[in-house]
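Notes follow once the structure below has been shown.
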Amino acid sequence: MPIILENVSFSYSRKTPLETPALREISLRIEKGEFVGILGEKGAGKSTLTKLFNGLLRPEAGTVRIDGLDPSSKEAKRRIGMVFQQAADQLFCRTVYEEIAFGLLNFGYSKREAEERIYEAIDSVCLDQAALSRDPFSLSGGEMQRVALASALALRPDYLVLDEPITGLDPAGKKEILDTLRKIKNMGTAVITVTHNLKGFFPLLERVVLIKEGRITFQGSRESYLEKGCVPLPPIASMMKELRERGIPVNPAAFTVEDALEEILRVKSAFEKGSSLTATEGN
């Protein structure tokens, strides 16, 4: 069963003079095994939405169900892995080993089961076993992000929710996290990421959810997202859109370097031959 939100609304400081609507009548369905990107400007409601998934927040109207379960239930929380934007905000143990073991022991796994899953988790995020004895706060930003990710993966969640997981990482760290998420998705876990970094994530997304002022204004495939001209755009797609607006008939839905290069070479070749040009949009 999927994550299902039906007509969900949420406000901060409700029933006070400072009441601030954050989400308005959100309906959303996320299936297992999907890679979903939740996009929108700062303050659009993206992070608020993800906090409903594991019961950190409860809706004031509408319903949220995780495989038919209330998000605040222990079993629902086991099925949802959360990684915050600042990994340091969710690290608190003396060693990496204790950090990853904490959730497992809290959910009743034996020390033997926990140890097996700890080694499995650090392997999946490309952390060396030597890191297990280290203080999490002595690690680099990328390493702390991987520890937080390993802590979530150790429970083998059906859904992994990440808030800006590559913000602040160097190029090598970003690539490692993206490669890990691709592998996790291919193993059947749904990956749900709040991000503004479309350069890194867009090629991985199977579905895009765009939020503006607390409402979903678009949800669909990445190809449909580009065809409809939604923003924000990944850098390559933004460039192709600008070329199109300047009268160069390239396909504005191209978003990889390879596709863009192919389109530009196609147009160049046609110009050289004096051919009439039409974009390949929709091919």
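Just so we're on the same page: first chain in the structure tokens is A, next is B, and so on; residues restart at 1 for each chain, and ligands are numbered from 1 in the order they show up.
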Taking only residues of stretch 94-210 of chain A that have an atom at most 10 Å from an atom of stretch 222-239 of chain A, what is each one's shortest atom pair and its distance in Å to one decimal, using only C-alpha atoms, in chain and number order, as JSON lines?
```
{"residue": "A:His196", "atom": "CA", "partner": "A:Pro232", "partner_atom": "CA", "distance": 7.8}
{"residue": "A:Asn197", "atom": "CA", "partner": "A:Pro234", "partner_atom": "CA", "distance": 7.8}
{"residue": "A:Leu198", "atom": "CA", "partner": "A:Pro234", "partner_atom": "CA", "distance": 4.8}
{"residue": "A:Lys199", "atom": "CA", "partner": "A:Pro234", "partner_atom": "CA", "distance": 5.2}
{"residue": "A:Gly200", "atom": "CA", "partner": "A:Pro234", "partner_atom": "CA", "distance": 8.6}
{"residue": "A:Phe201", "atom": "CA", "partner": "A:Pro234", "partner_atom": "CA", "distance": 8.8}
{"residue": "A:Phe202", "atom": "CA", "partner": "A:Pro234", "partner_atom": "CA", "distance": 6.8}
{"residue": "A:Pro203", "atom": "CA", "partner": "A:Arg222", "partner_atom": "CA", "distance": 8.5}
{"residue": "A:Leu204", "atom": "CA", "partner": "A:Arg222", "partner_atom": "CA", "distance": 9.4}
{"residue": "A:Leu205", "atom": "CA", "partner": "A:Arg222", "partner_atom": "CA", "distance": 6.7}
{"residue": "A:Glu206", "atom": "CA", "partner": "A:Arg222", "partner_atom": "CA", "distance": 6.3}
{"residue": "A:Arg207", "atom": "CA", "partner": "A:Arg222", "partner_atom": "CA", "distance": 5.8}
{"residue": "A:Val208", "atom": "CA", "partner": "A:Arg222", "partner_atom": "CA", "distance": 6.0}
{"residue": "A:Val209", "atom": "CA", "partner": "A:Tyr225", "partner_atom": "CA", "distance": 9.1}
{"residue": "A:Leu210", "atom": "CA", "partner": "A:Cys230", "partner_atom": "CA", "distance": 8.5}
```
Write out as number ranges by chain the residues lying within 6 Å of stretch 91-106 of chain A, counting only C-alpha atoms and excluding same-chain residues fewer than 5 positions away.
A: 114, 132-136, 151
Distance atom CA of A:Asp123-atom CA of A:Ala152, one decimal place?
13.3 Å
Near-A:Asn186 list (9 Å; only C-alpha atoms; drop same-chain fewer than 4 positions) as number ranges by chain
A: 33, 181-182
Take the residues that were just selected and, keeping N, CA and C atoms, output them as an mmCIF file, in the first residue's frame.
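Final file, selection-v5.cif:
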```cif
data_model
loop_
_atom_site.group_PDB
_atom_site.id
_atom_site.type_symbol
_atom_site.label_atom_id
_atom_site.label_comp_id
_atom_site.auth_asym_id
_atom_site.auth_seq_id
_atom_site.Cartn_x
_atom_site.Cartn_y
_atom_site.Cartn_z
ATOM 1 N N GLY A 33 8.707 2.214 -4.185
ATOM 2 C CA GLY A 33 9.612 2.090 -5.319
ATOM 3 C C GLY A 33 9.707 3.311 -6.195
ATOM 4 N N LEU A 181 21.386 6.880 -3.300
ATOM 5 C CA LEU A 181 19.926 6.964 -3.416
ATOM 6 C C LEU A 181 19.417 6.213 -4.636
ATOM 7 N N ARG A 182 20.168 6.259 -5.715
ATOM 8 C CA ARG A 182 19.789 5.499 -6.915
ATOM 9 C C ARG A 182 19.767 4.002 -6.597
#
```
